[in-house]
Amino acid sequence: MSLDLADDVRDAIAGIAASDLLLVALDFDGTLSPLEDEPMDARMLPAARDAVNALVAAPDTLVAFVSGRSLVDLRVIAEHDDASRVLLAGSHGAEFWIPGEGLQSHGEDEADVTLRDAMRSHAEAATAALDGVWIEPKTFGFGVHTRRATAEDAAEANRLADEIVAAEAPHWRRRTGHNIVEFAFRHEGKDSAIAELRERVGATAVLFAGDDVTDEDALASLGADDLGVRVGDGPTAAAVRVPDIAALADLLTLLAAERTRLRG
């Protein structure tokens, strides 16, 4: 196999490939799929899909997608059906889908849901005149998408949303990402999602890859036997960095081959 990977990446793969039970946990948007102006158009690049399938088939290896997306939306963009062997963590780890078990949620109460719906409506009304701004409904809150907006309109949308949340739900968690600000009444993060998945499956090591600010919670939480991979630019706690989705697909493909060689 002649994949164009840096020596430090190959060394890192060699270090984790021999783990007894490896969990490969992957962010979706920007990590397996390009970022899209219409978020529901996101799909894995073919090379990324092939790499994921190879890992699913590798011995003693489990694959999970860990996303800020609501679980219902994550299943659509990941083209994930009930026969899939891929675990899912949606809403930054407040919702899970487990093969053979289905949906597992940390739940919500009626007061939270009522406030969530009111806040979404207020945010939609406040930003309605701003071109290119879209309020995304999420299971535990909402997101302010500004990818198609001008810098001025994006800043104004985020200011308005911040004012609404500060006035009506100052206890909500705020997260930033690529052209999105998210607000949620649950406080789970991708670090807690990784911890819960690790315990659930009994993984002896975890590889986590992500490209955005919200992924850094998970990357910073990894231990000495784990491996963090940052896709693209930006400050990171990851041990290795790859430039883009294609390079991550190469890394995952090599890892699947090594797992099969060592444990097949």
# chains A, B, ... in the order shown; residues from 1 in each chain; ligands from 1
call {"tool": "select_by_dssp", "arguments": {"residues": "segment 50-244 of chain A", "states": "strand (DSSP E)", "output": "PDB file with N, CA and C atoms, in the first residue's frame"}}
result
ATOM      1  N   THR A  61     -12.484  -3.998  15.833  1.00  0.00           N
ATOM      2  CA  THR A  61     -12.505  -2.563  15.542  1.00  0.00           C
ATOM      3  C   THR A  61     -13.956  -2.089  15.464  1.00  0.00           C
ATOM      4  N   LEU A  62     -14.257  -1.029  16.187  1.00  0.00           N
ATOM      5  CA  LEU A  62     -15.583  -0.436  16.165  1.00  0.00           C
ATOM      6  C   LEU A  62     -15.483   0.993  15.649  1.00  0.00           C
ATOM      7  N   VAL A  63     -16.500   1.416  14.907  1.00  0.00           N
ATOM      8  CA  VAL A  63     -16.518   2.754  14.315  1.00  0.00           C
ATOM      9  C   VAL A  63     -17.730   3.507  14.839  1.00  0.00           C
ATOM     10  N   ALA A  64     -17.521   4.785  15.167  1.00  0.00           N
ATOM     11  CA  ALA A  64     -18.612   5.649  15.617  1.00  0.00           C
ATOM     12  C   ALA A  64     -18.493   7.008  14.942  1.00  0.00           C
ATOM     13  N   PHE A  65     -19.633   7.610  14.620  1.00  0.00           N
ATOM     14  CA  PHE A  65     -19.680   9.000  14.181  1.00  0.00           C
ATOM     15  C   PHE A  65     -20.129   9.836  15.374  1.00  0.00           C
ATOM     16  N   VAL A  66     -19.385  10.881  15.684  1.00  0.00           N
ATOM     17  CA  VAL A  66     -19.655  11.733  16.836  1.00  0.00           C
ATOM     18  C   VAL A  66     -19.872  13.145  16.315  1.00  0.00           C
ATOM     19  N   LEU A  87     -21.738   2.951  15.262  1.00  0.00           N
ATOM     20  CA  LEU A  87     -22.381   3.607  16.389  1.00  0.00           C
ATOM     21  C   LEU A  87     -22.493   5.094  16.079  1.00  0.00           C
ATOM     22  N   LEU A  88     -23.489   5.750  16.661  1.00  0.00           N
ATOM     23  CA  LEU A  88     -23.670   7.182  16.470  1.00  0.00           C
ATOM     24  C   LEU A  88     -23.789   7.884  17.817  1.00  0.00           C
ATOM     25  N   ALA A  89     -23.168   9.049  17.905  1.00  0.00           N
ATOM     26  CA  ALA A  89     -23.388   9.969  19.024  1.00  0.00           C
ATOM     27  C   ALA A  89     -23.792  11.298  18.413  1.00  0.00           C
ATOM     28  N   GLY A  90     -25.033  11.703  18.630  1.00  0.00           N
ATOM     29  CA  GLY A  90     -25.542  12.958  18.095  1.00  0.00           C
ATOM     30  C   GLY A  90     -25.713  13.997  19.190  1.00  0.00           C
ATOM     31  N   GLU A  95     -27.389  12.128  22.570  1.00  0.00           N
ATOM     32  CA  GLU A  95     -28.183  11.082  21.916  1.00  0.00           C
ATOM     33  C   GLU A  95     -27.220  10.046  21.334  1.00  0.00           C
ATOM     34  N   PHE A  96     -27.621   8.777  21.395  1.00  0.00           N
ATOM     35  CA  PHE A  96     -26.800   7.707  20.837  1.00  0.00           C
ATOM     36  C   PHE A  96     -27.670   6.757  20.020  1.00  0.00           C
ATOM     37  N   TRP A  97     -27.050   6.133  19.046  1.00  0.00           N
ATOM     38  CA  TRP A  97     -27.672   5.016  18.331  1.00  0.00           C
ATOM     39  C   TRP A  97     -26.679   3.870  18.413  1.00  0.00           C
ATOM     40  N   ILE A  98     -27.150   2.736  18.960  1.00  0.00           N
ATOM     41  CA  ILE A  98     -26.289   1.588  19.215  1.00  0.00           C
ATOM     42  C   ILE A  98     -26.784   0.405  18.391  1.00  0.00           C
ATOM     43  N   GLY A 102     -30.632   0.430  19.075  1.00  0.00           N
ATOM     44  CA  GLY A 102     -31.327   1.598  18.553  1.00  0.00           C
ATOM     45  C   GLY A 102     -31.038   2.847  19.355  1.00  0.00           C
ATOM     46  N   LEU A 103     -32.020   3.737  19.428  1.00  0.00           N
ATOM     47  CA  LEU A 103     -31.850   5.056  20.034  1.00  0.00           C
ATOM     48  C   LEU A 103     -31.690   4.963  21.546  1.00  0.00           C
ATOM     49  N   GLN A 104     -30.698   5.675  22.054  1.00  0.00           N
ATOM     50  CA  GLN A 104     -30.490   5.847  23.480  1.00  0.00           C
ATOM     51  C   GLN A 104     -30.329   7.345  23.714  1.00  0.00           C
ATOM     52  N   SER A 105     -31.212   7.963  24.506  1.00  0.00           N
ATOM     53  CA  SER A 105     -31.172   9.407  24.702  1.00  0.00           C
ATOM     54  C   SER A 105     -31.062   9.740  26.176  1.00  0.00           C
ATOM     55  N   TRP A 134     -29.742  31.032   8.599  1.00  0.00           N
ATOM     56  CA  TRP A 134     -30.722  29.961   8.772  1.00  0.00           C
ATOM     57  C   TRP A 134     -30.656  29.449  10.200  1.00  0.00           C
ATOM     58  N   ILE A 135     -31.810  29.342  10.834  1.00  0.00           N
ATOM     59  CA  ILE A 135     -31.902  28.785  12.181  1.00  0.00           C
ATOM     60  C   ILE A 135     -32.214  27.299  12.070  1.00  0.00           C
ATOM     61  N   GLU A 136     -31.279  26.466  12.512  1.00  0.00           N
ATOM     62  CA  GLU A 136     -31.443  25.012  12.422  1.00  0.00           C
ATOM     63  C   GLU A 136     -32.069  24.463  13.699  1.00  0.00           C
ATOM     64  N   PRO A 137     -33.215  23.789  13.598  1.00  0.00           N
ATOM     65  CA  PRO A 137     -33.770  23.121  14.774  1.00  0.00           C
ATOM     66  C   PRO A 137     -32.868  21.969  15.202  1.00  0.00           C
ATOM     67  N   LYS A 138     -32.570  21.878  16.470  1.00  0.00           N
ATOM     68  CA  LYS A 138     -31.802  20.765  17.022  1.00  0.00           C
ATOM     69  C   LYS A 138     -32.590  20.154  18.174  1.00  0.00           C
ATOM     70  N   GLY A 141     -31.874  22.245  21.235  1.00  0.00           N
ATOM     71  CA  GLY A 141     -31.692  23.682  21.100  1.00  0.00           C
ATOM     72  C   GLY A 141     -31.822  24.135  19.665  1.00  0.00           C
ATOM     73  N   PHE A 142     -30.908  24.983  19.230  1.00  0.00           N
ATOM     74  CA  PHE A 142     -30.930  25.441  17.839  1.00  0.00           C
ATOM     75  C   PHE A 142     -29.541  25.936  17.446  1.00  0.00           C
ATOM     76  N   GLY A 143     -29.317  25.997  16.132  1.00  0.00           N
ATOM     77  CA  GLY A 143     -28.059  26.507  15.607  1.00  0.00           C
ATOM     78  C   GLY A 143     -28.316  27.688  14.688  1.00  0.00           C
ATOM     79  N   VAL A 144     -27.399  28.642  14.692  1.00  0.00           N
ATOM     80  CA  VAL A 144     -27.466  29.803  13.805  1.00  0.00           C
ATOM     81  C   VAL A 144     -26.427  29.610  12.697  1.00  0.00           C
ATOM     82  N   HIS A 145     -26.902  29.269  11.500  1.00  0.00           N
ATOM     83  CA  HIS A 145     -26.008  29.036  10.361  1.00  0.00           C
ATOM     84  C   HIS A 145     -25.812  30.334   9.580  1.00  0.00           C
ATOM     85  N   ARG A 173     -25.832  26.142  27.041  1.00  0.00           N
ATOM     86  CA  ARG A 173     -24.445  26.051  26.571  1.00  0.00           C
ATOM     87  C   ARG A 173     -24.331  26.644  25.169  1.00  0.00           C
ATOM     88  N   ARG A 174     -23.282  27.413  24.956  1.00  0.00           N
ATOM     89  CA  ARG A 174     -22.997  28.021  23.651  1.00  0.00           C
ATOM     90  C   ARG A 174     -21.744  27.389  23.062  1.00  0.00           C
ATOM     91  N   ARG A 175     -21.822  26.996  21.795  1.00  0.00           N
ATOM     92  CA  ARG A 175     -20.673  26.434  21.086  1.00  0.00           C
ATOM     93  C   ARG A 175     -20.520  27.153  19.751  1.00  0.00           C
ATOM     94  N   THR A 176     -19.282  27.287  19.304  1.00  0.00           N
ATOM     95  CA  THR A 176     -19.034  27.851  17.984  1.00  0.00           C
ATOM     96  C   THR A 176     -18.399  26.805  17.092  1.00  0.00           C
ATOM     97  N   GLY A 177     -18.651  26.924  15.785  1.00  0.00           N
ATOM     98  CA  GLY A 177     -18.057  26.039  14.796  1.00  0.00           C
ATOM     99  C   GLY A 177     -17.875  26.786  13.496  1.00  0.00           C
ATOM    100  N   ILE A 180     -21.222  28.578  12.274  1.00  0.00           N
ATOM    101  CA  ILE A 180     -22.396  28.232  13.072  1.00  0.00           C
ATOM    102  C   ILE A 180     -22.124  28.551  14.533  1.00  0.00           C
ATOM    103  N   VAL A 181     -23.158  29.031  15.210  1.00  0.00           N
ATOM    104  CA  VAL A 181     -23.171  29.126  16.671  1.00  0.00           C
ATOM    105  C   VAL A 181     -24.345  28.290  17.148  1.00  0.00           C
ATOM    106  N   GLU A 182     -24.088  27.401  18.111  1.00  0.00           N
ATOM    107  CA  GLU A 182     -25.119  26.498  18.607  1.00  0.00           C
ATOM    108  C   GLU A 182     -25.432  26.820  20.066  1.00  0.00           C
ATOM    109  N   PHE A 183     -26.693  26.693  20.407  1.00  0.00           N
ATOM    110  CA  PHE A 183     -27.162  26.882  21.780  1.00  0.00           C
ATOM    111  C   PHE A 183     -27.946  25.639  22.185  1.00  0.00           C
ATOM    112  N   ALA A 184     -27.717  25.155  23.411  1.00  0.00           N
ATOM    113  CA  ALA A 184     -28.392  23.921  23.838  1.00  0.00           C
ATOM    114  C   ALA A 184     -28.649  23.940  25.333  1.00  0.00           C
ATOM    115  N   ALA A 205      -8.443   1.386  23.379  1.00  0.00           N
ATOM    116  CA  ALA A 205      -7.861   2.603  22.823  1.00  0.00           C
ATOM    117  C   ALA A 205      -8.890   3.251  21.913  1.00  0.00           C
ATOM    118  N   VAL A 206      -8.739   4.567  21.739  1.00  0.00           N
ATOM    119  CA  VAL A 206      -9.651   5.342  20.894  1.00  0.00           C
ATOM    120  C   VAL A 206      -8.833   6.191  19.926  1.00  0.00           C
ATOM    121  N   LEU A 207      -9.234   6.175  18.673  1.00  0.00           N
ATOM    122  CA  LEU A 207      -8.785   7.181  17.719  1.00  0.00           C
ATOM    123  C   LEU A 207      -9.963   8.118  17.493  1.00  0.00           C
ATOM    124  N   PHE A 208      -9.731   9.416  17.674  1.00  0.00           N
ATOM    125  CA  PHE A 208     -10.761  10.406  17.361  1.00  0.00           C
ATOM    126  C   PHE A 208     -10.206  11.406  16.369  1.00  0.00           C
ATOM    127  N   ALA A 209     -10.993  11.712  15.326  1.00  0.00           N
ATOM    128  CA  ALA A 209     -10.593  12.690  14.320  1.00  0.00           C
ATOM    129  C   ALA A 209     -11.667  13.743  14.172  1.00  0.00           C
ATOM    130  N   GLY A 210     -11.258  15.008  14.090  1.00  0.00           N
ATOM    131  CA  GLY A 210     -12.197  16.102  13.902  1.00  0.00           C
ATOM    132  C   GLY A 210     -11.507  17.317  13.319  1.00  0.00           C
ATOM    133  N   LEU A 227      -5.263   8.134  20.165  1.00  0.00           N
ATOM    134  CA  LEU A 227      -4.686   8.954  19.099  1.00  0.00           C
ATOM    135  C   LEU A 227      -5.701   9.993  18.648  1.00  0.00           C
ATOM    136  N   GLY A 228      -5.301  11.257  18.691  1.00  0.00           N
ATOM    137  CA  GLY A 228      -6.123  12.340  18.183  1.00  0.00           C
ATOM    138  C   GLY A 228      -5.603  12.822  16.846  1.00  0.00           C
ATOM    139  N   VAL A 229      -6.524  13.065  15.922  1.00  0.00           N
ATOM    140  CA  VAL A 229      -6.163  13.510  14.575  1.00  0.00           C
ATOM    141  C   VAL A 229      -6.945  14.779  14.265  1.00  0.00           C
ATOM    142  N   ARG A 230      -6.246  15.845  13.919  1.00  0.00           N
ATOM    143  CA  ARG A 230      -6.879  17.089  13.489  1.00  0.00           C
ATOM    144  C   ARG A 230      -6.884  17.143  11.971  1.00  0.00           C
ATOM    145  N   VAL A 231      -8.038  17.424  11.407  1.00  0.00           N
ATOM    146  CA  VAL A 231      -8.172  17.560   9.957  1.00  0.00           C
ATOM    147  C   VAL A 231      -8.173  19.051   9.622  1.00  0.00           C
ATOM    148  N   VAL A 240      -1.491  14.252  15.849  1.00  0.00           N
ATOM    149  CA  VAL A 240      -1.106  14.360  14.442  1.00  0.00           C
ATOM    150  C   VAL A 240      -2.143  15.203  13.708  1.00  0.00           C
ATOM    151  N   ARG A 241      -1.728  15.712  12.552  1.00  0.00           N
ATOM    152  CA  ARG A 241      -2.593  16.552  11.736  1.00  0.00           C
ATOM    153  C   ARG A 241      -2.516  16.062  10.287  1.00  0.00           C
ATOM    154  N   VAL A 242      -3.670  16.053   9.626  1.00  0.00           N
ATOM    155  CA  VAL A 242      -3.718  15.779   8.192  1.00  0.00           C
ATOM    156  C   VAL A 242      -4.385  16.980   7.516  1.00  0.00           C
TER     157      VAL A 242
END
call {"tool": "residues_around", "arguments": {"residues": "segment 44-47 of chain A", "least_positions_apart": "4", "cutoff": "10 Å", "atoms": "only C-alpha atoms", "output": "PDB file with all heavy atoms, in the first residue's frame"}}
result
ATOM      1  N   PHE A  28     -18.208  14.215  11.642  1.00  0.00           N
ATOM      2  CA  PHE A  28     -18.734  13.998  10.288  1.00  0.00           C
ATOM      3  C   PHE A  28     -18.470  15.192   9.371  1.00  0.00           C
ATOM      4  O   PHE A  28     -17.687  15.100   8.433  1.00  0.00           O
ATOM      5  CB  PHE A  28     -20.234  13.677  10.335  1.00  0.00           C
ATOM      6  CG  PHE A  28     -20.740  13.081   9.053  1.00  0.00           C
ATOM      7  CD1 PHE A  28     -20.710  11.709   8.851  1.00  0.00           C
ATOM      8  CD2 PHE A  28     -21.220  13.889   8.034  1.00  0.00           C
ATOM      9  CE1 PHE A  28     -21.143  11.150   7.655  1.00  0.00           C
ATOM     10  CE2 PHE A  28     -21.668  13.349   6.838  1.00  0.00           C
ATOM     11  CZ  PHE A  28     -21.627  11.975   6.653  1.00  0.00           C
ATOM     12  N   ASP A  29     -19.096  16.336   9.656  1.00  0.00           N
ATOM     13  CA  ASP A  29     -18.973  17.501   8.781  1.00  0.00           C
ATOM     14  C   ASP A  29     -17.558  18.061   8.824  1.00  0.00           C
ATOM     15  O   ASP A  29     -17.036  18.383   9.897  1.00  0.00           O
ATOM     16  CB  ASP A  29     -19.956  18.588   9.218  1.00  0.00           C
ATOM     17  CG  ASP A  29     -21.406  18.170   9.031  1.00  0.00           C
ATOM     18  OD1 ASP A  29     -21.905  18.262   7.908  1.00  0.00           O
ATOM     19  OD2 ASP A  29     -22.026  17.735  10.021  1.00  0.00           O
ATOM     20  N   GLY A  30     -16.933  18.171   7.658  1.00  0.00           N
ATOM     21  CA  GLY A  30     -15.577  18.685   7.581  1.00  0.00           C
ATOM     22  C   GLY A  30     -14.513  17.647   7.830  1.00  0.00           C
ATOM     23  O   GLY A  30     -13.325  17.906   7.607  1.00  0.00           O
ATOM     24  N   THR A  31     -14.916  16.463   8.292  1.00  0.00           N
ATOM     25  CA  THR A  31     -13.982  15.377   8.599  1.00  0.00           C
ATOM     26  C   THR A  31     -14.145  14.219   7.624  1.00  0.00           C
ATOM     27  O   THR A  31     -13.172  13.701   7.086  1.00  0.00           O
ATOM     28  CB  THR A  31     -14.186  14.902  10.050  1.00  0.00           C
ATOM     29  OG1 THR A  31     -13.932  16.001  10.932  1.00  0.00           O
ATOM     30  CG2 THR A  31     -13.269  13.752  10.401  1.00  0.00           C
ATOM     31  N   LEU A  32     -15.396  13.822   7.395  1.00  0.00           N
ATOM     32  CA  LEU A  32     -15.705  12.788   6.402  1.00  0.00           C
ATOM     33  C   LEU A  32     -16.425  13.374   5.192  1.00  0.00           C
ATOM     34  O   LEU A  32     -16.344  12.826   4.091  1.00  0.00           O
ATOM     35  CB  LEU A  32     -16.580  11.699   7.023  1.00  0.00           C
ATOM     36  CG  LEU A  32     -15.970  10.934   8.187  1.00  0.00           C
ATOM     37  CD1 LEU A  32     -17.006  10.007   8.821  1.00  0.00           C
ATOM     38  CD2 LEU A  32     -14.741  10.149   7.752  1.00  0.00           C
ATOM     39  N   SER A  33     -17.136  14.470   5.407  1.00  0.00           N
ATOM     40  CA  SER A  33     -17.906  15.134   4.353  1.00  0.00           C
ATOM     41  C   SER A  33     -17.469  16.590   4.240  1.00  0.00           C
ATOM     42  O   SER A  33     -17.220  17.240   5.261  1.00  0.00           O
ATOM     43  CB  SER A  33     -19.398  15.089   4.683  1.00  0.00           C
ATOM     44  OG  SER A  33     -20.128  16.006   3.881  1.00  0.00           O
ATOM     45  N   PRO A  34     -17.386  17.125   3.025  1.00  0.00           N
ATOM     46  CA  PRO A  34     -17.129  18.558   2.886  1.00  0.00           C
ATOM     47  C   PRO A  34     -18.255  19.365   3.529  1.00  0.00           C
ATOM     48  O   PRO A  34     -19.398  18.921   3.586  1.00  0.00           O
ATOM     49  CB  PRO A  34     -17.102  18.774   1.365  1.00  0.00           C
ATOM     50  CG  PRO A  34     -16.879  17.426   0.774  1.00  0.00           C
ATOM     51  CD  PRO A  34     -17.497  16.444   1.712  1.00  0.00           C
ATOM     52  N   ALA A  51     -13.054   3.965   3.381  1.00  0.00           N
ATOM     53  CA  ALA A  51     -12.201   3.773   4.548  1.00  0.00           C
ATOM     54  C   ALA A  51     -13.016   3.356   5.763  1.00  0.00           C
ATOM     55  O   ALA A  51     -12.612   2.471   6.533  1.00  0.00           O
ATOM     56  CB  ALA A  51     -11.426   5.054   4.832  1.00  0.00           C
ATOM     57  N   VAL A  52     -14.176   3.992   5.959  1.00  0.00           N
ATOM     58  CA  VAL A  52     -15.057   3.624   7.074  1.00  0.00           C
ATOM     59  C   VAL A  52     -15.509   2.173   6.934  1.00  0.00           C
ATOM     60  O   VAL A  52     -15.481   1.398   7.902  1.00  0.00           O
ATOM     61  CB  VAL A  52     -16.269   4.573   7.145  1.00  0.00           C
ATOM     62  CG1 VAL A  52     -17.358   4.005   8.059  1.00  0.00           C
ATOM     63  CG2 VAL A  52     -15.836   5.953   7.626  1.00  0.00           C
ATOM     64  N   ASN A  53     -15.897   1.787   5.733  1.00  0.00           N
ATOM     65  CA  ASN A  53     -16.331   0.400   5.514  1.00  0.00           C
ATOM     66  C   ASN A  53     -15.208  -0.583   5.796  1.00  0.00           C
ATOM     67  O   ASN A  53     -15.440  -1.671   6.347  1.00  0.00           O
ATOM     68  CB  ASN A  53     -16.842   0.232   4.086  1.00  0.00           C
ATOM     69  CG  ASN A  53     -18.165   0.932   3.852  1.00  0.00           C
ATOM     70  OD1 ASN A  53     -18.902   1.227   4.804  1.00  0.00           O
ATOM     71  ND2 ASN A  53     -18.492   1.202   2.600  1.00  0.00           N
ATOM     72  N   ILE A  77     -27.664  12.187   6.779  1.00  0.00           N
ATOM     73  CA  ILE A  77     -26.465  12.555   6.019  1.00  0.00           C
ATOM     74  C   ILE A  77     -25.438  11.425   5.989  1.00  0.00           C
ATOM     75  O   ILE A  77     -24.678  11.303   5.031  1.00  0.00           O
ATOM     76  CB  ILE A  77     -25.836  13.850   6.542  1.00  0.00           C
ATOM     77  CG1 ILE A  77     -25.356  13.704   7.983  1.00  0.00           C
ATOM     78  CG2 ILE A  77     -26.807  15.016   6.398  1.00  0.00           C
ATOM     79  CD1 ILE A  77     -24.583  14.904   8.503  1.00  0.00           C
ATOM     80  N   ALA A  78     -25.438  10.576   7.019  1.00  0.00           N
ATOM     81  CA  ALA A  78     -24.522   9.438   7.039  1.00  0.00           C
ATOM     82  C   ALA A  78     -25.070   8.239   6.277  1.00  0.00           C
ATOM     83  O   ALA A  78     -24.387   7.220   6.156  1.00  0.00           O
ATOM     84  CB  ALA A  78     -24.225   9.030   8.479  1.00  0.00           C
ATOM     85  N   GLU A  79     -26.306   8.378   5.767  1.00  0.00           N
ATOM     86  CA  GLU A  79     -26.974   7.270   5.065  1.00  0.00           C
ATOM     87  C   GLU A  79     -26.910   5.996   5.916  1.00  0.00           C
ATOM     88  O   GLU A  79     -26.538   4.925   5.461  1.00  0.00           O
ATOM     89  CB  GLU A  79     -26.337   7.075   3.690  1.00  0.00           C
ATOM     90  CG  GLU A  79     -26.455   8.315   2.812  1.00  0.00           C
ATOM     91  CD  GLU A  79     -25.716   8.221   1.502  1.00  0.00           C
ATOM     92  OE1 GLU A  79     -24.472   8.358   1.525  1.00  0.00           O
ATOM     93  OE2 GLU A  79     -26.369   8.001   0.462  1.00  0.00           O
ATOM     94  N   ILE A 245      -9.814  15.921   4.043  1.00  0.00           N
ATOM     95  CA  ILE A 245     -10.588  14.683   4.151  1.00  0.00           C
ATOM     96  C   ILE A 245      -9.912  13.541   3.404  1.00  0.00           C
ATOM     97  O   ILE A 245      -9.881  12.398   3.885  1.00  0.00           O
ATOM     98  CB  ILE A 245     -12.021  14.900   3.626  1.00  0.00           C
ATOM     99  CG1 ILE A 245     -12.753  15.933   4.485  1.00  0.00           C
ATOM    100  CG2 ILE A 245     -12.809  13.585   3.625  1.00  0.00           C
ATOM    101  CD1 ILE A 245     -14.093  16.379   3.930  1.00  0.00           C
ATOM    102  N   ALA A 246      -9.365  13.829   2.237  1.00  0.00           N
ATOM    103  CA  ALA A 246      -8.702  12.784   1.456  1.00  0.00           C
ATOM    104  C   ALA A 246      -7.535  12.175   2.230  1.00  0.00           C
ATOM    105  O   ALA A 246      -7.337  10.947   2.225  1.00  0.00           O
ATOM    106  CB  ALA A 246      -8.225  13.353   0.125  1.00  0.00           C
ATOM    107  N   ALA A 247      -6.766  13.027   2.902  1.00  0.00           N
ATOM    108  CA  ALA A 247      -5.632  12.525   3.682  1.00  0.00           C
ATOM    109  C   ALA A 247      -6.109  11.723   4.885  1.00  0.00           C
ATOM    110  O   ALA A 247      -5.492  10.709   5.256  1.00  0.00           O
ATOM    111  CB  ALA A 247      -4.752  13.682   4.124  1.00  0.00           C
ATOM    112  N   LEU A 248      -7.209  12.146   5.514  1.00  0.00           N
ATOM    113  CA  LEU A 248      -7.765  11.347   6.612  1.00  0.00           C
ATOM    114  C   LEU A 248      -8.218   9.991   6.092  1.00  0.00           C
ATOM    115  O   LEU A 248      -8.004   8.961   6.747  1.00  0.00           O
ATOM    116  CB  LEU A 248      -8.933  12.064   7.273  1.00  0.00           C
ATOM    117  CG  LEU A 248      -9.601  11.249   8.393  1.00  0.00           C
ATOM    118  CD1 LEU A 248      -8.670  11.075   9.580  1.00  0.00           C
ATOM    119  CD2 LEU A 248     -10.915  11.882   8.835  1.00  0.00           C
ATOM    120  N   ALA A 249      -8.850   9.970   4.925  1.00  0.00           N
ATOM    121  CA  ALA A 249      -9.275   8.692   4.340  1.00  0.00           C
ATOM    122  C   ALA A 249      -8.079   7.773   4.135  1.00  0.00           C
ATOM    123  O   ALA A 249      -8.164   6.564   4.390  1.00  0.00           O
ATOM    124  CB  ALA A 249     -10.005   8.940   3.029  1.00  0.00           C
ATOM    125  N   ASP A 250      -6.959   8.329   3.688  1.00  0.00           N
ATOM    126  CA  ASP A 250      -5.735   7.527   3.539  1.00  0.00           C
ATOM    127  C   ASP A 250      -5.292   6.970   4.888  1.00  0.00           C
ATOM    128  O   ASP A 250      -4.916   5.794   4.995  1.00  0.00           O
ATOM    129  CB  ASP A 250      -4.611   8.371   2.945  1.00  0.00           C
ATOM    130  CG  ASP A 250      -4.766   8.619   1.457  1.00  0.00           C
ATOM    131  OD1 ASP A 250      -5.612   7.960   0.823  1.00  0.00           O
ATOM    132  OD2 ASP A 250      -4.025   9.464   0.915  1.00  0.00           O
ATOM    133  N   LEU A 252      -7.125   6.384   7.575  1.00  0.00           N
ATOM    134  CA  LEU A 252      -8.065   5.359   8.039  1.00  0.00           C
ATOM    135  C   LEU A 252      -7.930   4.072   7.228  1.00  0.00           C
ATOM    136  O   LEU A 252      -8.069   2.964   7.773  1.00  0.00           O
ATOM    137  CB  LEU A 252      -9.490   5.889   7.959  1.00  0.00           C
ATOM    138  CG  LEU A 252      -9.802   7.112   8.824  1.00  0.00           C
ATOM    139  CD1 LEU A 252     -11.231   7.581   8.591  1.00  0.00           C
ATOM    140  CD2 LEU A 252      -9.564   6.839  10.303  1.00  0.00           C
ATOM    141  N   THR A 253      -7.654   4.204   5.940  1.00  0.00           N
ATOM    142  CA  THR A 253      -7.463   3.026   5.088  1.00  0.00           C
ATOM    143  C   THR A 253      -6.240   2.236   5.536  1.00  0.00           C
ATOM    144  O   THR A 253      -6.270   0.994   5.629  1.00  0.00           O
ATOM    145  CB  THR A 253      -7.303   3.454   3.616  1.00  0.00           C
ATOM    146  OG1 THR A 253      -8.502   4.116   3.193  1.00  0.00           O
ATOM    147  CG2 THR A 253      -7.037   2.261   2.715  1.00  0.00           C
TER     148      THR A 253
END
call {"tool": "residues_around", "arguments": {"residues": "Gly100 of chain A", "least_positions_apart": "3", "cutoff": "9 Å", "atoms": "only C-alpha atoms", "output": "NGL selection string"}}
result
:A and (82-83 or 85)
call {"tool": "residues_around", "arguments": {"residues": "His122 of chain A", "least_positions_apart": "6", "cutoff": "12 Å", "atoms": "only C-alpha atoms", "output": "PyMOL selection string"}}
result
chain A and resi 115-116+128+135+142+157+160-165+167-168
call {"tool": "residues_around", "arguments": {"residues": "Lys190 of chain A", "least_positions_apart": "6", "cutoff": "8 Å", "atoms": "only C-alpha atoms", "output": "PyMOL selection string"}}
result
chain A and resi 66-67+92-93+214-215+217-218
call {"tool": "write_last_selection", "arguments": {"atoms": "C-alpha atoms", "output": "short mmCIF file (atom, residue, chain, number, x, y, z; two decimals), in the first residue's frame"}}
result
data_model
loop_
_atom_site.label_atom_id
_atom_site.label_comp_id
_atom_site.auth_asym_id
_atom_site.auth_seq_id
_atom_site.Cartn_x
_atom_site.Cartn_y
_atom_site.Cartn_z
CA VAL A 66 -19.66 11.73 16.84
CA SER A 67 -21.46 14.88 15.76
CA HIS A 92 -22.63 16.39 21.10
CA GLY A 93 -23.23 13.19 23.04
CA THR A 214 -16.08 21.54 19.20
CA ASP A 215 -13.88 18.55 18.38
CA ASP A 217 -13.03 18.89 23.73
CA ALA A 218 -12.71 15.27 22.62
#
call {"tool": "select_by_dssp", "arguments": {"residues": "segment 136-242 of chain A", "states": "helix (DSSP H, G or I)", "output": "PyMOL selection string"}}
result
chain A and resi 151-168+190-201+215-221
call {"tool": "closest_residue", "arguments": {"among": "A:Glu188, A:Glu258, A:Glu152, A:Asp233", "to": "Ser91 of chain A", "atoms": "only C-alpha atoms"}}
result
A:Glu188
call {"tool": "residues_around", "arguments": {"residues": "segment 16-22 of chain A", "least_positions_apart": "4", "cutoff": "10 Å", "atoms": "only C-alpha atoms", "output": "list in words"}}
result
Asp11, Ala12, Leu55, Pro59, Asp60, Thr61, Leu62, Val63, Arg198, Val201, Gly202, Ala203, Thr204, Ala205, Val206, Leu207, Asp225, Asp226, Leu227, Leu254, Leu255, Ala256, Ala257, Glu258, Arg259, Thr260, Arg261, Leu262 and Arg263 of chain A
